[in-house]
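*Asks:* Structure file my_file.pdb (PDB, C-alpha atoms) is given on the next line.
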```pdb
ATOM      1  CA  MET A   1      55.452  13.919  27.639
ATOM      2  CA  SER A   2      55.972  10.432  29.002
ATOM      3  CA  VAL A   3      57.696   9.726  32.292
ATOM      4  CA  THR A   4      60.636   8.174  30.437
ATOM      5  CA  GLU A   5      61.075  11.072  28.055
ATOM      6  CA  PRO A   6      64.080  13.333  28.836
ATOM      7  CA  VAL A   7      63.420  16.953  29.765
ATOM      8  CA  GLY A   8      66.232  18.502  27.738
ATOM      9  CA  THR A   9      67.882  17.686  24.423
ATOM     10  CA  ALA A  10      70.426  14.895  24.859
ATOM     11  CA  PRO A  11      73.797  14.924  23.066
ATOM     12  CA  ALA A  12      73.902  12.970  19.825
ATOM     13  CA  ALA A  13      76.088  10.181  21.249
ATOM     14  CA  GLU A  14      73.784   9.691  24.211
ATOM     15  CA  THR A  15      70.802   9.608  21.860
ATOM     16  CA  VAL A  16      72.395   6.838  19.807
ATOM     17  CA  ILE A  17      73.217   4.837  22.945
ATOM     18  CA  ALA A  18      69.673   5.231  24.247
ATOM     19  CA  ALA A  19      68.247   4.162  20.890
ATOM     20  CA  ASP A  20      70.479   1.084  20.777
ATOM     21  CA  ALA A  21      69.748   0.055  24.382
ATOM     22  CA  PRO A  22      67.594  -3.077  24.650
ATOM     23  CA  GLN A  23      63.949  -2.287  25.235
ATOM     24  CA  PRO A  24      61.677  -4.343  27.515
ATOM     25  CA  ALA A  25      59.444  -6.833  25.739
ATOM     26  CA  PRO A  26      55.663  -6.415  26.096
ATOM     27  CA  GLY A  27      54.578  -7.864  29.404
ATOM     28  CA  ALA A  28      58.070  -7.929  30.862
ATOM     29  CA  THR A  29      58.794  -6.608  34.323
ATOM     30  CA  PRO A  30      60.540  -3.224  33.916
ATOM     31  CA  PRO A  31      64.336  -3.710  33.754
ATOM     32  CA  ARG A  32      66.893  -2.534  36.290
ATOM     33  CA  THR A  33      64.297  -1.895  38.972
ATOM     34  CA  PRO A  34      65.677  -3.332  42.237
ATOM     35  CA  LEU A  35      63.757  -6.404  43.348
ATOM     36  CA  ILE A  36      63.173  -4.869  46.781
ATOM     37  CA  ALA A  37      61.442  -1.911  45.119
ATOM     38  CA  ARG A  38      59.273  -4.236  43.060
ATOM     39  CA  ALA A  39      58.372  -6.251  46.166
ATOM     40  CA  ALA A  40      57.434  -3.048  47.986
ATOM     41  CA  ALA A  41      55.275  -1.966  45.053
ATOM     42  CA  GLU A  42      53.480  -5.322  45.066
ATOM     43  CA  ILE A  43      52.890  -5.168  48.833
ATOM     44  CA  VAL A  44      51.617  -1.590  48.756
ATOM     45  CA  GLY A  45      49.582  -2.070  45.588
ATOM     46  CA  THR A  46      47.880  -5.263  46.763
ATOM     47  CA  ALA A  47      47.253  -3.780  50.217
ATOM     48  CA  ALA A  48      45.688  -0.692  48.670
ATOM     49  CA  LEU A  49      43.554  -2.798  46.325
ATOM     50  CA  VAL A  50      42.158  -4.930  49.167
ATOM     51  CA  ALA A  51      41.647  -1.851  51.346
ATOM     52  CA  ILE A  52      39.614  -0.332  48.511
ATOM     53  CA  VAL A  53      37.533  -3.488  48.004
ATOM     54  CA  VAL A  54      36.883  -4.109  51.697
ATOM     55  CA  GLY A  55      36.610  -0.457  52.738
ATOM     56  CA  SER A  56      34.146   0.481  50.021
ATOM     57  CA  GLY A  57      32.084  -2.586  50.898
ATOM     58  CA  ILE A  58      31.904  -1.519  54.544
ATOM     59  CA  GLN A  59      31.057   2.045  53.570
ATOM     60  CA  ALA A  60      28.325   0.859  51.203
ATOM     61  CA  THR A  61      26.614  -1.236  53.877
ATOM     62  CA  LYS A  62      26.644   1.742  56.236
ATOM     63  CA  LEU A  63      24.985   3.982  53.645
ATOM     64  CA  THR A  64      22.292   1.713  52.200
ATOM     65  CA  GLN A  65      20.539  -1.592  52.767
ATOM     66  CA  ASP A  66      19.977  -2.066  49.028
ATOM     67  CA  VAL A  67      22.320  -4.908  47.991
ATOM     68  CA  ALA A  68      22.380  -3.738  44.370
ATOM     69  CA  LEU A  69      23.525  -0.272  45.426
ATOM     70  CA  GLN A  70      26.073  -1.823  47.776
ATOM     71  CA  LEU A  71      27.550  -3.830  44.935
ATOM     72  CA  LEU A  72      27.471  -0.797  42.631
ATOM     73  CA  ALA A  73      29.388   1.282  45.151
ATOM     74  CA  ASN A  74      31.850  -1.532  45.790
ATOM     75  CA  SER A  75      32.525  -2.181  42.099
ATOM     76  CA  THR A  76      32.785   1.521  41.197
ATOM     77  CA  ALA A  77      35.389   2.181  43.883
ATOM     78  CA  THR A  78      37.331  -0.889  42.783
ATOM     79  CA  VAL A  79      37.355   0.172  39.121
ATOM     80  CA  PHE A  80      38.765   3.625  39.831
ATOM     81  CA  GLY A  81      41.151   2.451  42.535
ATOM     82  CA  LEU A  82      42.568  -0.416  40.476
ATOM     83  CA  GLY A  83      43.089   1.784  37.434
ATOM     84  CA  VAL A  84      45.021   4.342  39.487
ATOM     85  CA  LEU A  85      47.175   1.664  41.140
ATOM     86  CA  ILE A  86      48.110   0.061  37.813
ATOM     87  CA  ALA A  87      48.999   3.438  36.307
ATOM     88  CA  LEU A  88      51.097   4.377  39.348
ATOM     89  CA  LEU A  89      52.931   1.129  40.093
ATOM     90  CA  GLY A  90      52.963  -0.555  36.700
ATOM     91  CA  PRO A  91      56.298   1.060  35.729
ATOM     92  CA  VAL A  92      57.875  -0.304  38.927
ATOM     93  CA  SER A  93      56.704  -3.904  39.296
ATOM     94  CA  GLY A  94      54.327  -4.492  36.419
ATOM     95  CA  ALA A  95      51.424  -3.988  38.862
ATOM     96  CA  HIS A  96      50.520  -7.657  39.145
ATOM     97  CA  PHE A  97      48.898  -7.505  42.623
ATOM     98  CA  ASN A  98      47.791 -11.030  41.817
ATOM     99  CA  PRO A  99      49.573 -14.405  42.104
ATOM    100  CA  ALA A 100      47.510 -15.684  39.171
ATOM    101  CA  VAL A 101      49.026 -13.022  36.895
ATOM    102  CA  THR A 102      52.525 -13.607  38.284
ATOM    103  CA  LEU A 103      52.258 -17.377  37.777
ATOM    104  CA  ALA A 104      50.993 -16.889  34.234
ATOM    105  CA  GLU A 105      53.854 -14.515  33.468
ATOM    106  CA  TRP A 106      56.384 -16.968  34.924
ATOM    107  CA  TRP A 107      54.938 -19.722  32.754
ATOM    108  CA  THR A 108      55.179 -17.622  29.589
ATOM    109  CA  ALA A 109      58.809 -16.814  30.479
ATOM    110  CA  ARG A 110      59.536 -20.555  30.757
ATOM    111  CA  ARG A 111      58.078 -20.983  27.290
ATOM    112  CA  GLY A 112      60.359 -18.326  25.827
ATOM    113  CA  GLY A 113      58.239 -15.240  26.430
ATOM    114  CA  ALA A 114      58.813 -12.238  28.646
ATOM    115  CA  GLY A 115      58.119 -12.550  32.352
ATOM    116  CA  VAL A 116      59.380 -13.057  35.872
ATOM    117  CA  ASN A 117      61.909 -15.725  36.799
ATOM    118  CA  VAL A 118      61.699 -18.207  39.687
ATOM    119  CA  ARG A 119      63.433 -15.866  42.133
ATOM    120  CA  GLU A 120      61.064 -13.023  41.301
ATOM    121  CA  LEU A 121      58.088 -15.372  41.516
ATOM    122  CA  ALA A 122      59.210 -16.417  45.015
ATOM    123  CA  VAL A 123      59.281 -12.745  46.063
ATOM    124  CA  TYR A 124      56.169 -11.476  44.283
ATOM    125  CA  VAL A 125      53.650 -14.042  45.514
ATOM    126  CA  PRO A 126      54.393 -13.765  49.282
ATOM    127  CA  SER A 127      54.494  -9.976  48.907
ATOM    128  CA  GLN A 128      51.042  -9.987  47.337
ATOM    129  CA  ILE A 129      49.619 -12.233  50.079
ATOM    130  CA  VAL A 130      51.128 -10.118  52.874
ATOM    131  CA  GLY A 131      49.808  -6.973  51.202
ATOM    132  CA  ALA A 132      46.317  -8.431  50.833
ATOM    133  CA  ILE A 133      46.091  -9.380  54.509
ATOM    134  CA  ALA A 134      47.435  -5.971  55.544
ATOM    135  CA  GLY A 135      44.901  -4.233  53.316
ATOM    136  CA  ALA A 136      41.967  -6.083  54.875
ATOM    137  CA  ILE A 137      43.185  -5.271  58.385
ATOM    138  CA  LEU A 138      43.701  -1.619  57.415
ATOM    139  CA  ALA A 139      40.169  -1.322  56.035
ATOM    140  CA  ASP A 140      38.702  -2.858  59.185
ATOM    141  CA  ALA A 141      40.745  -0.444  61.295
ATOM    142  CA  MET A 142      39.549   2.595  59.362
ATOM    143  CA  PHE A 143      35.913   1.675  59.923
ATOM    144  CA  GLY A 144      36.220   0.573  63.548
ATOM    145  CA  GLU A 145      35.680  -3.103  62.781
ATOM    146  CA  PRO A 146      37.578  -5.894  64.579
ATOM    147  CA  LEU A 147      41.032  -5.939  63.023
ATOM    148  CA  VAL A 148      40.845  -9.661  62.333
ATOM    149  CA  LYS A 149      37.535 -11.471  62.298
ATOM    150  CA  TRP A 150      37.171 -14.495  60.062
ATOM    151  CA  SER A 151      34.455 -14.041  57.488
ATOM    152  CA  THR A 152      31.281 -16.099  57.754
ATOM    153  CA  HIS A 153      30.301 -15.410  54.131
ATOM    154  CA  ASP A 154      30.181 -18.872  52.575
ATOM    155  CA  ARG A 155      31.011 -18.925  48.861
ATOM    156  CA  SER A 156      31.366 -22.643  48.207
ATOM    157  CA  ALA A 157      28.497 -23.204  45.759
ATOM    158  CA  GLY A 158      29.455 -24.761  42.431
ATOM    159  CA  ASN A 159      28.083 -21.894  40.369
ATOM    160  CA  LEU A 160      30.314 -19.455  42.266
ATOM    161  CA  LEU A 161      33.355 -21.621  41.594
ATOM    162  CA  LEU A 162      32.498 -21.652  37.895
ATOM    163  CA  GLY A 163      32.265 -17.867  38.059
ATOM    164  CA  GLU A 164      35.847 -17.736  39.339
ATOM    165  CA  VAL A 165      37.118 -19.830  36.441
ATOM    166  CA  VAL A 166      35.416 -17.474  33.987
ATOM    167  CA  ALA A 167      36.563 -14.308  35.777
ATOM    168  CA  THR A 168      40.207 -15.409  36.027
ATOM    169  CA  ALA A 169      40.391 -16.815  32.508
ATOM    170  CA  GLY A 170      39.028 -13.547  31.132
ATOM    171  CA  LEU A 171      41.543 -11.511  33.128
ATOM    172  CA  ILE A 172      44.491 -13.592  31.894
ATOM    173  CA  LEU A 173      43.203 -13.452  28.319
ATOM    174  CA  LEU A 174      42.917  -9.671  28.543
ATOM    175  CA  ILE A 175      46.341  -8.983  30.058
ATOM    176  CA  PHE A 176      48.332 -11.372  27.897
ATOM    177  CA  GLY A 177      46.296 -10.532  24.826
ATOM    178  CA  LEU A 178      47.241  -6.888  25.303
ATOM    179  CA  ALA A 179      50.875  -7.955  25.709
ATOM    180  CA  ARG A 180      50.805 -10.076  22.536
ATOM    181  CA  THR A 181      49.413  -7.145  20.546
ATOM    182  CA  ASP A 182      51.752  -4.555  22.105
ATOM    183  CA  ARG A 183      48.908  -2.610  23.727
ATOM    184  CA  LEU A 184      49.793  -2.875  27.419
ATOM    185  CA  ARG A 185      49.628   0.917  27.600
ATOM    186  CA  PHE A 186      45.867   0.444  27.798
ATOM    187  CA  ALA A 187      46.121  -1.888  30.817
ATOM    188  CA  PRO A 188      45.064   0.619  33.529
ATOM    189  CA  VAL A 189      41.769   1.307  31.782
ATOM    190  CA  ALA A 190      41.230  -2.128  30.247
ATOM    191  CA  VAL A 191      41.946  -4.227  33.337
ATOM    192  CA  ALA A 192      39.987  -1.964  35.668
ATOM    193  CA  SER A 193      37.050  -1.922  33.251
ATOM    194  CA  TYR A 194      37.075  -5.700  32.943
ATOM    195  CA  ILE A 195      37.077  -6.212  36.717
ATOM    196  CA  GLY A 196      34.235  -3.723  37.062
ATOM    197  CA  ALA A 197      32.198  -5.569  34.458
ATOM    198  CA  ALA A 198      33.060  -8.982  35.925
ATOM    199  CA  TYR A 199      31.714  -7.855  39.300
ATOM    200  CA  TRP A 200      28.327  -7.949  37.619
ATOM    201  CA  PHE A 201      28.467 -10.665  34.968
ATOM    202  CA  THR A 202      30.085 -13.392  37.101
ATOM    203  CA  SER A 203      28.253 -15.190  39.903
ATOM    204  CA  SER A 204      31.257 -14.869  42.232
ATOM    205  CA  THR A 205      31.634 -11.088  41.755
ATOM    206  CA  SER A 206      35.052 -11.744  40.251
ATOM    207  CA  PHE A 207      37.677 -12.215  42.927
ATOM    208  CA  ALA A 208      40.020 -13.596  40.193
ATOM    209  CA  ASN A 209      42.980 -13.232  42.565
ATOM    210  CA  PRO A 210      44.341 -15.758  45.110
ATOM    211  CA  ALA A 211      45.987 -13.088  47.284
ATOM    212  CA  VAL A 212      42.849 -10.962  47.429
ATOM    213  CA  THR A 213      40.842 -14.103  48.230
ATOM    214  CA  ILE A 214      43.098 -14.833  51.204
ATOM    215  CA  GLY A 215      42.987 -11.236  52.402
ATOM    216  CA  ARG A 216      39.191 -11.061  52.229
ATOM    217  CA  ALA A 217      38.934 -14.065  54.560
ATOM    218  CA  PHE A 218      40.260 -11.838  57.354
ATOM    219  CA  THR A 219      37.221  -9.539  57.413
ATOM    220  CA  ASP A 220      33.649 -10.449  58.312
ATOM    221  CA  THR A 221      32.162  -7.662  56.211
ATOM    222  CA  PHE A 222      30.439  -7.219  52.841
ATOM    223  CA  ALA A 223      33.476  -8.294  50.800
ATOM    224  CA  GLY A 224      34.520 -11.204  53.014
ATOM    225  CA  ILE A 225      34.824 -14.872  52.150
ATOM    226  CA  ALA A 226      34.685 -17.700  54.686
ATOM    227  CA  PRO A 227      38.062 -19.421  55.212
ATOM    228  CA  SER A 228      36.421 -22.732  54.295
ATOM    229  CA  SER A 229      35.671 -21.309  50.827
ATOM    230  CA  VAL A 230      39.170 -19.960  50.143
ATOM    231  CA  ALA A 231      40.769 -23.193  48.878
ATOM    232  CA  GLY A 232      37.962 -23.818  46.383
ATOM    233  CA  PHE A 233      38.187 -20.273  45.027
ATOM    234  CA  ILE A 234      41.973 -20.422  44.660
ATOM    235  CA  GLY A 235      41.766 -23.814  42.962
ATOM    236  CA  MET A 236      39.287 -22.494  40.415
ATOM    237  CA  GLN A 237      41.381 -19.368  39.866
ATOM    238  CA  LEU A 238      44.347 -21.581  38.968
ATOM    239  CA  VAL A 239      42.117 -23.476  36.548
ATOM    240  CA  GLY A 240      41.179 -20.095  35.101
ATOM    241  CA  VAL A 241      44.878 -19.307  34.577
ATOM    242  CA  VAL A 242      45.293 -22.476  32.515
ATOM    243  CA  VAL A 243      42.158 -21.753  30.495
ATOM    244  CA  GLY A 244      43.177 -18.133  29.959
ATOM    245  CA  LEU A 245      46.676 -19.009  28.745
ATOM    246  CA  ALA A 246      45.233 -21.649  26.413
ATOM    247  CA  LEU A 247      42.890 -19.036  24.938
ATOM    248  CA  VAL A 248      45.785 -16.618  24.476
ATOM    249  CA  ALA A 249      47.784 -19.291  22.660
ATOM    250  CA  VAL A 250      44.917 -20.059  20.289
ATOM    251  CA  ILE A 251      43.483 -16.584  19.677
ATOM    252  CA  PHE A 252      46.808 -14.757  19.434
ATOM    253  CA  MET A 253      48.642 -17.538  17.595
ATOM    254  CA  ARG A 254      51.717 -16.175  15.875
ATOM    255  CA  GLY A 255      51.740 -16.676  12.123
ATOM    256  CA  LYS A 256      54.708 -18.125  10.258
ATOM    257  CA  THR A 257      57.086 -15.712   8.575
ATOM    258  CA  GLU A 258      58.453 -16.251   5.096
ATOM    259  CA  GLN A 259      61.687 -17.512   6.630
ATOM    260  CA  ASP A 260      59.732 -20.232   8.456
ATOM    261  CA  GLN A 261      58.120 -21.521   5.254
ATOM    262  CA  PRO A 262      59.611 -24.733   3.797
ATOM    263  CA  ALA A 263      61.629 -24.325   0.645
ATOM    264  CA  ALA A 264      59.908 -25.323  -2.601
TER     265      ALA A 264
END
```
Kindly transcribe the structure held in the file into structure tokens.

*Replies:*
Amino acid sequence: MSVTEPVGTAPAAETVIAADAPQPAPGATPPRTPLIARAAAEIVGTAALVAIVVGSGIQATKLTQDVALQLLANSTATVFGLGVLIALLGPVSGAHFNPAVTLAEWWTARRGGAGVNVRELAVYVPSQIVGAIAGAILADAMFGEPLVKWSTHDRSAGNLLLGEVVATAGLILLIFGLARTDRLRFAPVAVASYIGAAYWFTSSTSFANPAVTIGRAFTDTFAGIAPSSVAGFIGMQLVGVVVGLALVAVIFMRGKTEQDQPAA
């Protein structure tokens, strides 16, 4: 039974009303959820995601000196953690945890699709950034690291920036492709699986998230990124959003109906 399914049998009139009530479009933020609740979900979800990424990276370096095993541990924890967070908080806020996703959704809403409005955009993005910073500090605290220590892990090489374009474009293509085909119910598994794979097939280990990028600058540990590299990563992530939305528009192009065809 789904979480929205009633426990008992509803009266006939109520059933008709429920059936006639407008349903959310694929990809839309769940209706009638107070904005403060959605902001809280984005803060908590993004904080938890960064705590998982940073914390598992610290734990991995304490357990082994093998970089491949460190990355395996880091990516595995992220896959499971992200899937759980999307499943838990998706019904509340849409489980963006990512300004790139929120910006892409806002853009599709401007073009007539479902998505957040300007007011929601102005709440979601700061919430995600605050959550990301809090998550990095929390992870450092749990492992006895300095609460705030700027990362010295330089990630400014051109090949890494290209990796961020690819990682972000693929993420946007996946999410909005699922929305276009009415399969967002698979998002917890699909998105988590993609991020896990992108850890390994992209040169940048797939940050694909401006908020997470900012948060990871606050920790000088395995998952950190030097503050001097943050702007380049975010810039390439925004390029990835544009590329991803362009791919969605081309690959999932809507066909013309009979009503749209010109008369003979």

*Asks:* List as a PyMOL selection string the protein and nucleic acid residues near segment 232-244 of chain A, meaning an atom at most 9 Å away when only C-alpha atoms are counted, but skip any in the same chain fewer than 4 places from it.

*Replies:* chain A and resi 100-101+103-104+155-156+160-174+176+207-211+213-214+228+248-249

*Asks:* Those same residues, written as a CSV table (one decimal), in the frame of the given file with C-alpha atoms?

*Replies:*
```csv
chain,number,residue,atom,x,y,z
A,100,ALA,CA,47.5,-15.7,39.2
A,101,VAL,CA,49.0,-13.0,36.9
A,103,LEU,CA,52.3,-17.4,37.8
A,104,ALA,CA,51.0,-16.9,34.2
A,155,ARG,CA,31.0,-18.9,48.9
A,156,SER,CA,31.4,-22.6,48.2
A,160,LEU,CA,30.3,-19.5,42.3
A,161,LEU,CA,33.4,-21.6,41.6
A,162,LEU,CA,32.5,-21.7,37.9
A,163,GLY,CA,32.3,-17.9,38.1
A,164,GLU,CA,35.8,-17.7,39.3
A,165,VAL,CA,37.1,-19.8,36.4
A,166,VAL,CA,35.4,-17.5,34.0
A,167,ALA,CA,36.6,-14.3,35.8
A,168,THR,CA,40.2,-15.4,36.0
A,169,ALA,CA,40.4,-16.8,32.5
A,170,GLY,CA,39.0,-13.5,31.1
A,171,LEU,CA,41.5,-11.5,33.1
A,172,ILE,CA,44.5,-13.6,31.9
A,173,LEU,CA,43.2,-13.5,28.3
A,174,LEU,CA,42.9,-9.7,28.5
A,176,PHE,CA,48.3,-11.4,27.9
A,207,PHE,CA,37.7,-12.2,42.9
A,208,ALA,CA,40.0,-13.6,40.2
A,209,ASN,CA,43.0,-13.2,42.6
A,210,PRO,CA,44.3,-15.8,45.1
A,211,ALA,CA,46.0,-13.1,47.3
A,213,THR,CA,40.8,-14.1,48.2
A,214,ILE,CA,43.1,-14.8,51.2
A,228,SER,CA,36.4,-22.7,54.3
A,248,VAL,CA,45.8,-16.6,24.5
A,249,ALA,CA,47.8,-19.3,22.7
```

*Asks:* Can you work out which one of A:Leu69, A:Val148, A:Val130, A:Val92 has the shortest atom-to-atom distance to Ala41 of chain A, counting only C-alpha atoms?

*Replies:*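 Of A:Leu69, A:Val148, A:Val130, A:Val92, the one nearest Ala41 of chain A is A:Val92, counting only C-alpha atoms.
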
*Asks:* Give the answer as one residue: which of A:His153, A:Leu49, A:Ala39, A:Trp107 has the shortest atom-to-atom distance to Gly83 of chain A, using all atoms listed in the file?

*Replies:* A:Leu49

*Asks:* Restricting the calculation to only C-alpha atoms: of A:Leu147, A:Val84, A:Ala40, A:Leu89, which residue gets closest to Pro188 of chain A?

*Replies:*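 Closest to Pro188 of chain A of all the choices is A:Val84.
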
*Asks:* Which of these, A:Ala157, A:Val230, A:Ala139, A:Val67, has the shortest distance to Ala51 of chain A once you count all atoms listed in the file?

*Replies:*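 Using all atoms listed in the file, Ala51 of chain A sits closest to A:Ala139.
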
*Asks:* I need the residue set behind the PyMOL selection byres ((chain A and resi 115) around 6) for this file; please write it as a PyMOL selection string.

*Replies:* chain A and resi 28+105-106+109+114+116

*Asks:* Record the distance separating atom CA of Val123 of chain A and atom CA of Asp220 of chain A, expressed in Å with one decimal.

*Replies:*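 Going from atom CA of Val123 of chain A over to atom CA of Asp220 of chain A covers 28.5 Å.
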
*Asks:* Which is closest to Phe201 of chain A among A:Ser75, A:Gln128, A:Thr33, A:Thr46, if we use all atoms listed in the file?

*Replies:* A:Ser75

*Asks:* If you count only C-alpha atoms, which residues fall within 12 Å of Leu88 of chain A, apart from same-chain ones fewer than 6 positions away, as a PDB file with C-alpha atoms, in the coordinates of the input?

*Replies:*
```
ATOM      1  CA  VAL A   3      57.696   9.726  32.292  1.00  0.00           C
ATOM      2  CA  ALA A  41      55.275  -1.966  45.053  1.00  0.00           C
ATOM      3  CA  GLU A  42      53.480  -5.322  45.066  1.00  0.00           C
ATOM      4  CA  VAL A  44      51.617  -1.590  48.756  1.00  0.00           C
ATOM      5  CA  GLY A  45      49.582  -2.070  45.588  1.00  0.00           C
ATOM      6  CA  ALA A  48      45.688  -0.692  48.670  1.00  0.00           C
ATOM      7  CA  GLY A  81      41.151   2.451  42.535  1.00  0.00           C
ATOM      8  CA  LEU A  82      42.568  -0.416  40.476  1.00  0.00           C
ATOM      9  CA  GLY A  94      54.327  -4.492  36.419  1.00  0.00           C
ATOM     10  CA  ALA A  95      51.424  -3.988  38.862  1.00  0.00           C
ATOM     11  CA  ALA A 187      46.121  -1.888  30.817  1.00  0.00           C
ATOM     12  CA  PRO A 188      45.064   0.619  33.529  1.00  0.00           C
TER      13      PRO A 188
END
```

*Asks:* Counting only C-alpha atoms, which residue out of A:Leu121, A:Ala37, A:Ala223, A:Val189 sits closest to Ser204 of chain A?

*Replies:*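 The answer is A:Ala223, which sits nearest to Ser204 of chain A.
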
*Asks:* Record the distance separating atom CA of Gly131 of chain A and atom CA of Ile86 of chain A, expressed in Å with one decimal.

*Replies:* 15.2 Å
